$ cat coords.txt   # compact mmCIF, C-alpha atoms
# COMPACT_ATOMS: atom_id res chain seq x y z
CA MET F 108 172.17 -18.79 -10.55
CA ASP F 109 170.10 -20.50 -7.87
CA THR F 110 170.64 -18.07 -4.99
CA GLN F 111 167.31 -16.64 -3.98
CA GLN F 112 166.89 -12.90 -4.22
CA GLY F 113 165.37 -12.65 -0.74
CA HIS F 114 168.59 -13.96 0.81
CA LEU F 115 170.96 -11.49 -0.81
CA PRO F 116 172.16 -8.35 0.93
CA PRO F 117 170.97 -4.88 -0.08
CA ALA F 118 173.59 -2.22 -0.66
CA PHE F 119 172.55 -0.31 2.47
CA THR F 120 170.09 -1.00 5.30
CA PRO F 121 168.80 2.25 6.86
CA ALA F 122 165.35 0.78 7.51
CA ARG F 123 166.80 -2.24 9.31
CA GLU F 124 168.99 0.00 11.43
CA SER F 125 166.00 2.09 12.43
CA ALA F 126 163.97 -1.03 13.21
CA GLU F 127 166.73 -2.42 15.43
CA ILE F 128 166.40 0.52 17.83
CA GLY F 129 162.94 1.64 16.75
CA ALA F 130 161.42 2.12 20.20
CA ASP F 131 164.34 4.28 21.34
CA LEU F 132 164.20 6.37 18.16
CA THR F 133 160.47 6.90 18.58
CA ARG F 134 160.94 8.10 22.16
CA ALA F 135 163.74 10.45 21.11
CA ILE F 136 161.69 12.01 18.31
CA GLU F 137 158.62 12.34 20.51
CA ARG F 138 160.77 14.04 23.15
CA VAL F 139 161.74 16.69 20.64
CA LEU F 140 158.21 17.17 19.33
CA LYS F 141 156.86 17.65 22.83
CA SER F 142 159.59 20.12 23.74
CA GLY F 143 158.59 22.65 21.10
CA VAL F 144 162.30 23.44 20.48
CA TYR F 145 163.31 22.29 17.03
CA LEU F 146 166.50 24.22 16.21
CA LEU F 147 169.68 25.07 18.17
CA GLY F 148 168.31 23.53 21.32
CA PRO F 149 169.34 21.10 24.06
CA GLU F 150 169.52 18.04 21.81
CA LEU F 151 172.12 19.67 19.57
CA GLU F 152 174.05 20.97 22.56
CA ALA F 153 174.10 17.50 24.10
CA LEU F 154 175.03 15.86 20.80
CA GLU F 155 177.95 18.24 20.30
CA ALA F 156 179.24 17.41 23.78
CA GLU F 157 178.87 13.67 23.14
CA LEU F 158 180.64 13.93 19.78
CA CYS F 159 183.52 15.71 21.50
CA GLU F 160 183.73 12.99 24.11
CA ILE F 161 183.73 10.07 21.69
CA ALA F 162 186.04 11.70 19.15
CA GLY F 163 188.42 13.33 21.62
CA HIS F 164 187.87 16.96 20.57
CA THR F 165 187.16 20.13 22.51
CA HIS F 166 184.65 21.55 20.00
CA ALA F 167 181.92 20.11 17.80
CA VAL F 168 179.69 22.25 15.60
CA GLY F 169 176.59 20.58 14.21
CA VAL F 170 175.67 21.65 10.68
CA GLY F 171 173.19 20.71 7.98
CA SER F 172 175.35 18.28 5.99
CA GLY F 173 178.84 16.96 5.42
CA THR F 174 179.21 19.28 2.44
CA ASP F 175 178.31 22.26 4.60
CA ALA F 176 180.86 21.11 7.16
CA LEU F 177 183.58 21.38 4.51
CA VAL F 178 182.38 24.70 3.09
CA ILE F 179 182.01 26.30 6.51
CA THR F 180 185.43 25.03 7.62
CA LEU F 181 187.07 26.52 4.53
CA ARG F 182 185.28 29.83 5.00
CA ALA F 183 186.12 29.91 8.71
CA LEU F 184 189.79 29.49 7.78
CA GLY F 185 189.54 32.44 5.42
CA ILE F 186 190.07 30.29 2.32
CA GLY F 187 188.47 31.66 -0.83
CA PRO F 188 189.25 33.33 -4.16
CA GLY F 189 192.91 33.08 -5.14
CA ASP F 190 193.52 30.06 -2.91
CA GLU F 191 194.11 26.49 -4.04
CA VAL F 192 192.98 23.44 -2.07
CA ILE F 193 194.38 19.98 -2.79
CA VAL F 194 191.81 17.17 -2.96
CA PRO F 195 192.10 13.51 -4.01
CA ALA F 196 191.31 12.79 -7.65
CA ILE F 197 188.92 9.98 -6.65
CA THR F 198 186.23 10.82 -4.11
CA ALA F 199 182.60 11.92 -3.98
CA ILE F 200 182.19 15.27 -5.71
CA PRO F 201 181.18 17.22 -2.55
CA THR F 202 184.83 17.27 -1.48
CA ALA F 203 185.78 19.33 -4.52
CA ALA F 204 182.43 21.12 -4.76
CA ALA F 205 182.96 22.51 -1.25
CA VAL F 206 186.20 24.11 -2.41
CA VAL F 207 184.43 25.73 -5.36
CA LEU F 208 181.53 26.87 -3.18
CA ALA F 209 184.02 28.54 -0.85
CA GLY F 210 185.40 30.45 -3.84
CA ALA F 211 188.73 28.61 -3.99
CA THR F 212 190.23 26.40 -6.71
CA PRO F 213 190.45 22.63 -6.33
CA VAL F 214 193.73 21.00 -7.30
CA LEU F 215 193.68 17.25 -7.81
CA ALA F 216 196.28 14.85 -6.47
CA ASP F 217 196.63 11.16 -7.26
CA VAL F 218 196.02 8.48 -4.64
CA ASP F 219 197.72 5.44 -3.21
CA PRO F 220 196.97 2.34 -5.34
CA ALA F 221 196.43 0.24 -2.21
CA THR F 222 194.26 2.62 -0.17
CA ALA F 223 192.68 5.15 -2.61
CA CYS F 224 193.75 7.88 -0.17
CA LEU F 225 196.10 10.83 -0.55
CA THR F 226 199.73 10.36 0.37
CA ALA F 227 202.34 12.82 1.57
CA GLU F 228 204.08 12.46 -1.77
CA SER F 229 200.99 13.22 -3.83
CA VAL F 230 200.16 16.28 -1.71
CA ALA F 231 203.74 17.54 -2.01
CA SER F 232 203.58 17.11 -5.80
CA ALA F 233 200.34 19.08 -6.05
CA TYR F 234 201.52 21.93 -3.81
CA THR F 235 202.05 25.39 -5.30
CA SER F 236 202.66 28.82 -3.85
CA ARG F 237 198.86 29.36 -3.90
CA THR F 238 198.02 26.23 -1.90
CA SER F 239 196.21 27.09 1.32
CA ALA F 240 194.87 23.69 2.38
CA ALA F 241 194.57 20.01 1.60
CA ILE F 242 191.45 17.92 2.23
CA VAL F 243 192.24 14.31 3.09
CA VAL F 244 189.41 11.86 2.46
CA HIS F 245 189.27 8.65 4.50
CA LEU F 246 187.74 6.91 1.51
CA TYR F 247 185.44 3.94 2.10
CA GLY F 248 186.25 4.27 5.82
CA TYR F 249 189.99 3.62 5.52
CA PRO F 250 192.09 5.77 7.90
CA ALA F 251 194.51 7.72 5.70
CA PRO F 252 198.18 8.06 6.84
CA MET F 253 197.72 11.25 8.80
CA ASP F 254 201.16 11.40 10.44
CA SER F 255 202.96 11.79 7.12
CA LEU F 256 200.24 14.01 5.68
CA ALA F 257 200.31 16.27 8.74
CA ALA F 258 204.08 16.54 8.42
CA VAL F 259 203.96 17.67 4.79
CA ALA F 260 201.17 20.14 5.60
CA SER F 261 203.18 21.56 8.48
CA ASP F 262 206.32 21.85 6.36
CA ARG F 263 204.40 23.85 3.75
CA GLN F 264 202.30 25.75 6.28
CA ILE F 265 198.95 24.75 4.83
CA ALA F 266 195.77 23.76 6.65
CA LEU F 267 194.95 20.06 6.78
CA ILE F 268 191.24 19.20 6.77
CA GLU F 269 189.86 15.68 7.16
CA ASP F 270 186.81 14.60 5.18
CA MET F 271 185.55 11.80 7.39
CA ALA F 272 182.15 11.47 5.69
CA GLN F 273 182.64 7.71 5.25
CA ALA F 274 184.79 7.12 8.29
CA PHE F 275 183.19 8.34 11.49
CA GLY F 276 184.61 6.07 14.17
CA ALA F 277 187.58 4.88 12.12
CA ARG F 278 190.81 4.78 14.08
CA ASP F 279 194.46 5.13 13.16
CA GLY F 280 197.29 2.87 14.24
CA THR F 281 197.49 4.52 17.66
CA GLY F 282 193.79 3.95 18.33
CA SER F 283 192.87 7.62 17.91
CA MET F 284 189.71 8.40 15.97
CA VAL F 285 190.25 10.02 12.59
CA GLY F 286 189.50 13.72 12.40
CA GLY F 287 192.04 14.90 14.95
CA ALA F 288 195.29 15.19 13.03
CA GLY F 289 194.29 18.26 11.02
CA ILE F 290 192.74 21.59 11.91
CA ALA F 291 189.27 20.06 11.60
CA GLY F 292 187.43 16.85 10.84
CA CYS F 293 184.26 17.15 8.75
CA ALA F 294 181.61 14.50 9.30
CA SER F 295 178.54 13.53 7.31
CA PHE F 296 175.60 11.77 8.92
CA TYR F 297 173.71 11.11 5.67
CA PRO F 298 171.27 8.18 6.11
CA THR F 299 173.64 5.55 4.65
CA LYS F 300 176.73 6.62 6.59
CA VAL F 301 178.42 4.72 9.40
CA LEU F 302 176.72 7.02 11.92
CA ALA F 303 173.48 7.96 10.21
CA ALA F 304 170.72 10.47 10.74
CA VAL F 305 167.29 10.12 9.14
CA GLY F 306 168.01 13.05 6.83
CA ASP F 307 170.90 15.34 6.03
CA ALA F 308 173.23 16.20 8.91
CA GLY F 309 176.90 16.90 9.52
CA ALA F 310 179.41 18.23 12.02
CA ILE F 311 182.76 19.97 12.31
CA LEU F 312 185.13 18.56 14.95
CA THR F 313 188.09 20.67 16.02
CA ASP F 314 190.31 21.72 18.90
CA ASP F 315 190.61 25.24 17.48
CA ALA F 316 188.35 27.56 19.49
CA GLU F 317 188.52 30.37 16.94
CA LEU F 318 187.54 28.10 14.06
CA ALA F 319 184.64 26.69 16.10
CA ALA F 320 183.37 30.17 16.97
CA LYS F 321 183.48 31.26 13.34
CA ALA F 322 181.76 28.06 12.25
CA ARG F 323 178.90 28.71 14.67
CA LEU F 324 178.41 32.13 13.10
CA LEU F 325 178.59 30.76 9.57
CA ARG F 326 176.01 28.04 10.21
CA SER F 327 173.34 30.56 11.22
CA HIS F 328 173.42 33.78 9.19
CA GLY F 329 176.31 35.21 11.19
CA HIS F 330 173.90 35.72 14.08
CA GLN F 331 175.45 37.02 17.30
CA GLY F 332 172.20 37.46 19.21
CA GLU F 333 169.40 40.01 19.32
CA TYR F 334 169.29 40.12 15.50
CA ARG F 335 172.85 41.31 15.21
CA HIS F 336 174.77 39.73 12.30
CA SER F 337 178.53 40.04 11.89
CA VAL F 338 179.04 38.22 8.57
CA ILE F 339 177.03 37.24 5.52
CA ALA F 340 176.34 33.54 5.88
CA GLY F 341 173.80 30.90 5.05
CA ASN F 342 171.62 28.60 7.09
CA SER F 343 173.07 25.21 7.99
CA ARG F 344 171.61 24.26 11.34
CA LEU F 345 171.57 20.66 12.51
CA ASP F 346 168.00 20.33 13.77
CA GLU F 347 166.83 18.87 17.05
CA ILE F 348 165.22 15.74 15.59
CA GLN F 349 168.38 14.73 13.74
CA SER F 350 170.39 15.52 16.86
CA ALA F 351 168.15 13.29 18.98
CA VAL F 352 168.38 10.48 16.42
CA LEU F 353 172.16 10.67 16.36
CA ARG F 354 172.35 10.73 20.15
CA THR F 355 170.23 7.58 20.22
CA LYS F 356 172.56 5.83 17.78
CA LEU F 357 175.89 6.93 19.28
CA PRO F 358 175.93 4.26 22.03
CA HIS F 359 175.61 1.58 19.31
CA LEU F 360 178.45 2.91 17.16
CA GLU F 361 181.30 0.72 18.40
CA GLY F 362 179.19 -2.43 18.21
CA TRP F 363 178.05 -1.59 14.70
CA LEU F 364 181.62 -0.85 13.63
CA ALA F 365 182.74 -4.23 14.98
CA ARG F 366 180.01 -5.92 12.96
CA ARG F 367 181.04 -4.00 9.82
CA ARG F 368 184.59 -5.29 10.26
CA ASN F 369 183.26 -8.81 10.75
CA VAL F 370 181.16 -8.61 7.57
CA ALA F 371 184.15 -7.27 5.61
CA ASN F 372 186.34 -10.09 6.87
CA MET F 373 183.72 -12.66 5.85
CA PHE F 374 183.85 -11.32 2.30
CA ARG F 375 187.66 -11.18 2.35
CA ARG F 376 187.94 -14.80 3.45
CA ALA F 377 185.35 -16.13 1.00
CA LEU F 378 186.64 -14.28 -2.05
CA GLY F 379 190.24 -14.75 -1.02
CA ALA F 380 189.94 -18.37 -2.16
CA LEU F 381 189.78 -17.19 -5.78
CA PRO F 382 192.97 -17.25 -7.88
CA GLU F 383 195.34 -14.42 -7.07
CA GLY F 384 194.58 -11.17 -8.85
CA ILE F 385 190.92 -11.80 -9.61
CA VAL F 386 189.81 -9.62 -6.69
CA ARG F 387 192.03 -7.06 -4.95
CA PHE F 388 190.68 -5.42 -1.82
CA GLN F 389 191.49 -2.03 -0.39
CA ALA F 390 194.32 -2.40 2.13
CA GLU F 391 193.38 -3.75 5.53
CA SER F 392 193.45 -1.69 8.69
CA ALA F 393 192.33 -2.67 12.17
CA GLY F 394 190.64 0.72 12.54
CA HIS F 395 188.80 0.67 9.19
CA ALA F 396 185.19 1.88 9.49
CA TYR F 397 184.05 -0.02 6.37
CA GLN F 398 181.42 2.26 4.94
CA VAL F 399 181.80 -0.37 2.23
CA LEU F 400 184.40 -3.00 1.42
CA ALA F 401 186.07 -1.69 -1.72
CA ALA F 402 187.13 -4.44 -4.11
CA ARG F 403 188.96 -4.00 -7.41
CA ILE F 404 188.09 -6.20 -10.39
CA GLU F 405 189.63 -5.50 -13.77
CA ASP F 406 186.49 -6.37 -15.77
CA ARG F 407 184.16 -4.89 -13.19
CA ASP F 408 181.49 -3.72 -15.61
CA SER F 409 181.08 -7.13 -17.21
CA VAL F 410 180.85 -8.68 -13.74
CA ARG F 411 178.04 -6.28 -12.89
CA ALA F 412 176.36 -7.18 -16.18
CA ASP F 413 176.58 -10.88 -15.32
CA LEU F 414 175.01 -10.15 -11.93
CA ALA F 415 172.11 -8.21 -13.46
CA GLY F 416 168.85 -9.86 -12.53
CA SER F 417 170.42 -11.99 -9.79
CA GLY F 418 169.15 -9.75 -7.01
CA LEU F 419 172.66 -8.79 -5.90
CA GLU F 420 173.13 -5.07 -6.42
CA LEU F 421 176.74 -3.97 -6.05
CA LEU F 422 177.37 -0.25 -6.31
CA VAL F 423 180.42 1.60 -7.62
CA HIS F 424 182.14 4.36 -5.66
CA TYR F 425 182.97 6.07 -7.98
CA PRO F 426 182.72 5.42 -11.73
CA LEU F 427 184.34 8.76 -12.61
CA THR F 428 187.36 10.55 -11.24
CA LEU F 429 186.89 14.20 -10.36
CA ALA F 430 188.87 15.01 -13.50
CA GLU F 431 186.03 13.49 -15.55
CA GLN F 432 183.14 15.25 -13.81
CA GLU F 433 181.26 17.71 -16.02
CA ALA F 434 180.68 19.98 -13.03
CA LEU F 435 184.44 20.59 -12.80
CA ALA F 436 185.08 20.92 -16.55
CA LYS F 437 186.14 24.56 -16.28
CA PHE F 438 189.27 23.52 -14.39
CA GLU F 439 190.43 21.50 -17.43
CA PHE F 440 191.69 18.52 -15.48
CA VAL F 441 193.13 15.62 -17.50
CA ALA F 442 192.07 12.22 -16.18
CA GLY F 443 195.26 10.56 -17.40
CA ASP F 444 197.28 12.76 -15.06
CA TYR F 445 195.91 10.72 -12.16
CA PRO F 446 196.46 7.08 -13.21
CA GLU F 447 195.88 5.47 -9.81
CA ALA F 448 192.60 7.34 -9.29
CA LEU F 449 191.55 6.38 -12.80
CA ALA F 450 192.28 2.72 -12.11
CA TRP F 451 190.15 2.84 -8.96
CA ALA F 452 187.30 4.45 -10.90
CA ARG F 453 187.39 1.74 -13.58
CA GLU F 454 187.76 -1.24 -11.24
CA GLU F 455 186.13 -0.50 -7.87
CA LEU F 456 183.12 -2.54 -6.76
CA SER F 457 181.54 -1.88 -3.37
CA LEU F 458 180.60 -4.88 -1.26
CA PRO F 459 177.96 -4.13 1.40
CA THR F 460 179.01 -4.05 5.04
CA SER F 461 175.94 -2.81 6.89
CA PRO F 462 175.91 -4.21 10.44
CA GLN F 463 172.32 -5.42 10.08
CA LEU F 464 173.22 -7.85 7.29
CA THR F 465 172.93 -11.52 8.20
CA ASP F 466 175.64 -14.13 7.87
CA ASP F 467 173.44 -16.01 5.39
CA GLU F 468 173.19 -12.93 3.18
CA ILE F 469 176.96 -12.52 3.16
CA THR F 470 177.50 -16.22 2.44
CA ASN F 471 175.00 -16.19 -0.41
CA ALA F 472 176.47 -13.02 -1.91
CA SER F 473 180.00 -14.44 -1.66
CA SER F 474 178.93 -17.68 -3.34
CA LEU F 475 177.16 -15.86 -6.14
CA LEU F 476 180.04 -13.50 -6.76
CA THR F 477 182.52 -16.39 -6.63
CA SER F 478 180.57 -18.30 -9.26
CA VAL F 479 180.67 -15.28 -11.58
CA LEU F 480 184.36 -14.63 -11.02
CA GLU F 481 185.60 -18.22 -11.26
CA GLY F 482 185.00 -18.22 -14.99
CA ARG F 483 187.50 -15.37 -15.32
CA ALA F 484 190.38 -17.22 -13.71
$ encode --input "coords.txt" --output "structure tokens"
Amino acid sequence: MDTQQGHLPPAFTPARESAEIGADLTRAIERVLKSGVYLLGPELEALEAELCEIAGHTHAVGVGSGTDALVITLRALGIGPGDEVIVPAITAIPTAAAVVLAGATPVLADVDPATACLTAESVASAYTSRTSAAIVVHLYGYPAPMDSLAAVASDRQIALIEDMAQAFGARDGTGSMVGGAGIAGCASFYPTKVLAAVGDAGAILTDDAELAAKARLLRSHGHQGEYRHSVIAGNSRLDEIQSAVLRTKLPHLEGWLARRRNVANMFRRALGALPEGIVRFQAESAGHAYQVLAARIEDRDSVRADLAGSGLELLVHYPLTLAEQEALAKFEFVAGDYPEALAWAREELSLPTSPQLTDDEITNASSLLTSVLEGRA
């Protein structure tokens, strides 16, 4: 393989993103440091207003992480012991962990083979008399079919929560940003996300005033003012520095999303020249946020082995279904009960889509991957 390591794309590019707007980030952080207000201050208040404006919500509640956004939302809805919450069988473990942390029981549902997202049919199949909510994950940035999911949730009178950790800015077929079809959208601003802080950060987006008010209590020890506390709660405050960083990045979001889509399309075109069936991509969508471009390759692990030492690091999201995670062993899930999720776990390979990647890096990566895959035709 003659492609030079220095011209291959990294999996993620947080340092490049920071460098691109470095002067603005420095000014924003210095503004906070000089203010002397580091928690629950004007930067967070302004960020919450700006998130509402861009996402089309009436309330935004900044919290410490995407996981906390899910846990707090569940607790604010009164979901806990005795309740079941449906989650997709393939996703990052925080989706299910949040359910457990809230005291409820996760119930797995299989996913669409084309999108890796929940479907109305899979949610309906997983529903029981104890089901209180379903968490829909817009996996890899793909906007899940919220109209049909909202309909099944409404029919069964369960709460619908959107895990948009990988999909902030993704839009459905009507052009609406994901996160608005359910009772709440839960965002993560982890440093490698589409909209990224420089540490942990998250937010709850909702049009439900009561949920928002409860979430504000739950993010800060149930504090109502003057050291009066109405509920037992933890500490999950989105700090002023992270708020200022996110405010600085928000104006760049649409441009960065457009570049992500462009990068994904470059990979699709280049690898689409391979014989049919060698590479299968997650379904296309005009509103895809492309946290990554998810490809499926039947002998994925041997492809990664062939790439070892080439300088091209391709990650897997995720090598295990939730049914196979040791942390969830007590629920006695059976991986074979979720065949589509299992297939995604065994075949998925994440192609990088960071907006700071260069065309040369994408071309070189495509050429290298093509050379490895051609021998499998």
$ residues_around --input "coords.txt" --residues "stretch 133-136 of chain F" --least-positions-apart "4" --cutoff "12 Å" --atoms "all atoms listed in the file" --output "PDB file with C-alpha atoms, in the coordinates of the input"
ATOM      1  CA  SER F 125     166.000   2.090  12.430  1.00  0.00           C
ATOM      2  CA  ALA F 126     163.970  -1.030  13.210  1.00  0.00           C
ATOM      3  CA  GLU F 127     166.730  -2.420  15.430  1.00  0.00           C
ATOM      4  CA  ILE F 128     166.400   0.520  17.830  1.00  0.00           C
ATOM      5  CA  GLY F 129     162.940   1.640  16.750  1.00  0.00           C
ATOM      6  CA  LEU F 140     158.210  17.170  19.330  1.00  0.00           C
ATOM      7  CA  LYS F 141     156.860  17.650  22.830  1.00  0.00           C
ATOM      8  CA  SER F 142     159.590  20.120  23.740  1.00  0.00           C
ATOM      9  CA  GLY F 143     158.590  22.650  21.100  1.00  0.00           C
ATOM     10  CA  VAL F 144     162.300  23.440  20.480  1.00  0.00           C
ATOM     11  CA  TYR F 145     163.310  22.290  17.030  1.00  0.00           C
ATOM     12  CA  GLU F 150     169.520  18.040  21.810  1.00  0.00           C
ATOM     13  CA  ALA F 304     170.720  10.470  10.740  1.00  0.00           C
ATOM     14  CA  VAL F 305     167.290  10.120   9.140  1.00  0.00           C
ATOM     15  CA  ASP F 346     168.000  20.330  13.770  1.00  0.00           C
ATOM     16  CA  GLU F 347     166.830  18.870  17.050  1.00  0.00           C
ATOM     17  CA  ILE F 348     165.220  15.740  15.590  1.00  0.00           C
ATOM     18  CA  GLN F 349     168.380  14.730  13.740  1.00  0.00           C
ATOM     19  CA  SER F 350     170.390  15.520  16.860  1.00  0.00           C
ATOM     20  CA  ALA F 351     168.150  13.290  18.980  1.00  0.00           C
ATOM     21  CA  VAL F 352     168.380  10.480  16.420  1.00  0.00           C
ATOM     22  CA  LEU F 353     172.160  10.670  16.360  1.00  0.00           C
ATOM     23  CA  ARG F 354     172.350  10.730  20.150  1.00  0.00           C
ATOM     24  CA  THR F 355     170.230   7.580  20.220  1.00  0.00           C
ATOM     25  CA  LYS F 356     172.560   5.830  17.780  1.00  0.00           C
TER      26      LYS F 356
END
$ residues_around --input "coords.txt" --residues "stretch 323-338 of chain F" --least-positions-apart "5" --cutoff "12 Å" --atoms "all atoms listed in the file" --output "CSV table (one decimal) with C-alpha atoms, keeping the file's coordinate frame"
chain,number,residue,atom,x,y,z
F,146,LEU,CA,166.5,24.2,16.2
F,147,LEU,CA,169.7,25.1,18.2
F,155,GLU,CA,178.0,18.2,20.3
F,166,HIS,CA,184.6,21.6,20.0
F,167,ALA,CA,181.9,20.1,17.8
F,168,VAL,CA,179.7,22.2,15.6
F,169,GLY,CA,176.6,20.6,14.2
F,170,VAL,CA,175.7,21.6,10.7
F,171,GLY,CA,173.2,20.7,8.0
F,172,SER,CA,175.4,18.3,6.0
F,175,ASP,CA,178.3,22.3,4.6
F,176,ALA,CA,180.9,21.1,7.2
F,177,LEU,CA,183.6,21.4,4.5
F,178,VAL,CA,182.4,24.7,3.1
F,179,ILE,CA,182.0,26.3,6.5
F,180,THR,CA,185.4,25.0,7.6
F,181,LEU,CA,187.1,26.5,4.5
F,182,ARG,CA,185.3,29.8,5.0
F,183,ALA,CA,186.1,29.9,8.7
F,184,LEU,CA,189.8,29.5,7.8
F,185,GLY,CA,189.5,32.4,5.4
F,209,ALA,CA,184.0,28.5,-0.8
F,309,GLY,CA,176.9,16.9,9.5
F,310,ALA,CA,179.4,18.2,12.0
F,311,ILE,CA,182.8,20.0,12.3
F,312,LEU,CA,185.1,18.6,15.0
F,316,ALA,CA,188.4,27.6,19.5
F,317,GLU,CA,188.5,30.4,16.9
F,318,LEU,CA,187.5,28.1,14.1
F,343,SER,CA,173.1,25.2,8.0
F,344,ARG,CA,171.6,24.3,11.3
F,345,LEU,CA,171.6,20.7,12.5
F,346,ASP,CA,168.0,20.3,13.8
$ closest_residue --input "coords.txt" --among "F:Ile161, F:Leu419, F:Leu429, F:Ala153" --to "F:Asp444" --atoms "all atoms listed in the file"
F:Leu429
$ residues_around --input "coords.txt" --residues "F:Gly287" --least-positions-apart "3" --cutoff "10 Å" --atoms "all atoms listed in the file" --output "PyMOL selection string"
chain F and resi 162-164+253+268-269+283-284+290-292+312-314
$ closest_residue --input "coords.txt" --among "F:Thr174, F:Val370, F:Leu435, F:His424" --to "F:Thr465" --atoms "only C-alpha atoms"
F:Val370
$ atom_distance --input "coords.txt" --atom1 "atom CA of F:Thr120" --atom2 "atom CA of F:Gly362"
15.9 Å
$ residues_around --input "coords.txt" --residues "F:Ala412" --least-positions-apart "5" --cutoff "12 Å" --atoms "all atoms listed in the file" --output "NGL selection string"
:F and (406-407 or 417-421 or 476 or 479)
$ residues_near_point --input "coords.txt" --point "(186.5, 19.4, -4.4)" --cutoff "9 Å" --atoms "all atoms listed in the file" --output "list in words"
Val192, Ile193, Val194, Pro195, Ala196, Thr198, Ala199, Ile200, Pro201, Thr202, Ala203, Ala204, Ala205, Val206, Val207, Thr212, Pro213, Val214, Leu215, Ile242, Leu429 and Leu435 of chain F
$ closest_residue --input "coords.txt" --among "F:Gly173, F:Pro149, F:Gly210, F:Pro462" --to "F:Gly306" --atoms "only C-alpha atoms"
F:Gly173
$ residues_around --input "coords.txt" --residues "F:Gly189" --least-positions-apart "2" --cutoff "10 Å" --atoms "only C-alpha atoms" --output "VMD selection string"
chain F and resid 186 to 187 191 210 to 212 237 to 239
$ write_last_selection --input "coords.txt" --atoms "C-alpha atoms" --output "PDB file, in the coordinates of the input"
ATOM      1  CA  ILE F 186     190.070  30.290   2.320  1.00  0.00           C
ATOM      2  CA  GLY F 187     188.470  31.660  -0.830  1.00  0.00           C
ATOM      3  CA  GLU F 191     194.110  26.490  -4.040  1.00  0.00           C
ATOM      4  CA  GLY F 210     185.400  30.450  -3.840  1.00  0.00           C
ATOM      5  CA  ALA F 211     188.730  28.610  -3.990  1.00  0.00           C
ATOM      6  CA  THR F 212     190.230  26.400  -6.710  1.00  0.00           C
ATOM      7  CA  ARG F 237     198.860  29.360  -3.900  1.00  0.00           C
ATOM      8  CA  THR F 238     198.020  26.230  -1.900  1.00  0.00           C
ATOM      9  CA  SER F 239     196.210  27.090   1.320  1.00  0.00           C
TER      10      SER F 239
END
$ closest_atom_pairs --input "coords.txt" --of "stretch 213-262 of chain F" --to "stretch 372-387 of chain F" --cutoff "12 Å" --atoms "all atoms listed in the file" --output "CSV"
residue,atom,partner,partner_atom,distance
F:Pro220,CA,F:Arg387,CA,10.6
F:Ala221,CA,F:Arg387,CA,9.0
F:Thr222,CA,F:Arg387,CA,11.0
$ atom_distance --input "coords.txt" --atom1 "atom CA of F:Asn369" --atom2 "atom CA of F:Ala402"
16.0 Å
$ atom_distance --input "coords.txt" --atom1 "atom CA of F:Glu228" --atom2 "atom CA of F:Gln432"
24.3 Å
$ closest_residue --input "coords.txt" --among "F:Thr299, F:Gln389, F:Thr226, F:Ser232" --to "F:Arg123" --atoms "all atoms listed in the file"
F:Thr299
$ residues_near_point --input "coords.txt" --point "(178.7, -2.6, -5.3)" --cutoff "9 Å" --atoms "all atoms listed in the file" --output "list in words"
Ala118, Val399, Leu400, Ala401, Ala402, Arg411, Leu419, Glu420, Leu421, Leu422, Val423, His424, Glu455, Leu456, Ser457, Leu458 and Pro459 of chain F
$ closest_residue --input "coords.txt" --among "F:Ala251, F:Leu475, F:Leu246, F:Leu480" --to "F:Leu115" --atoms "all atoms listed in the file"
F:Leu475
$ closest_residue --input "coords.txt" --among "F:Leu256, F:Met271, F:Ala452, F:Leu464" --to "F:Ala223" --atoms "all atoms listed in the file"
F:Ala452
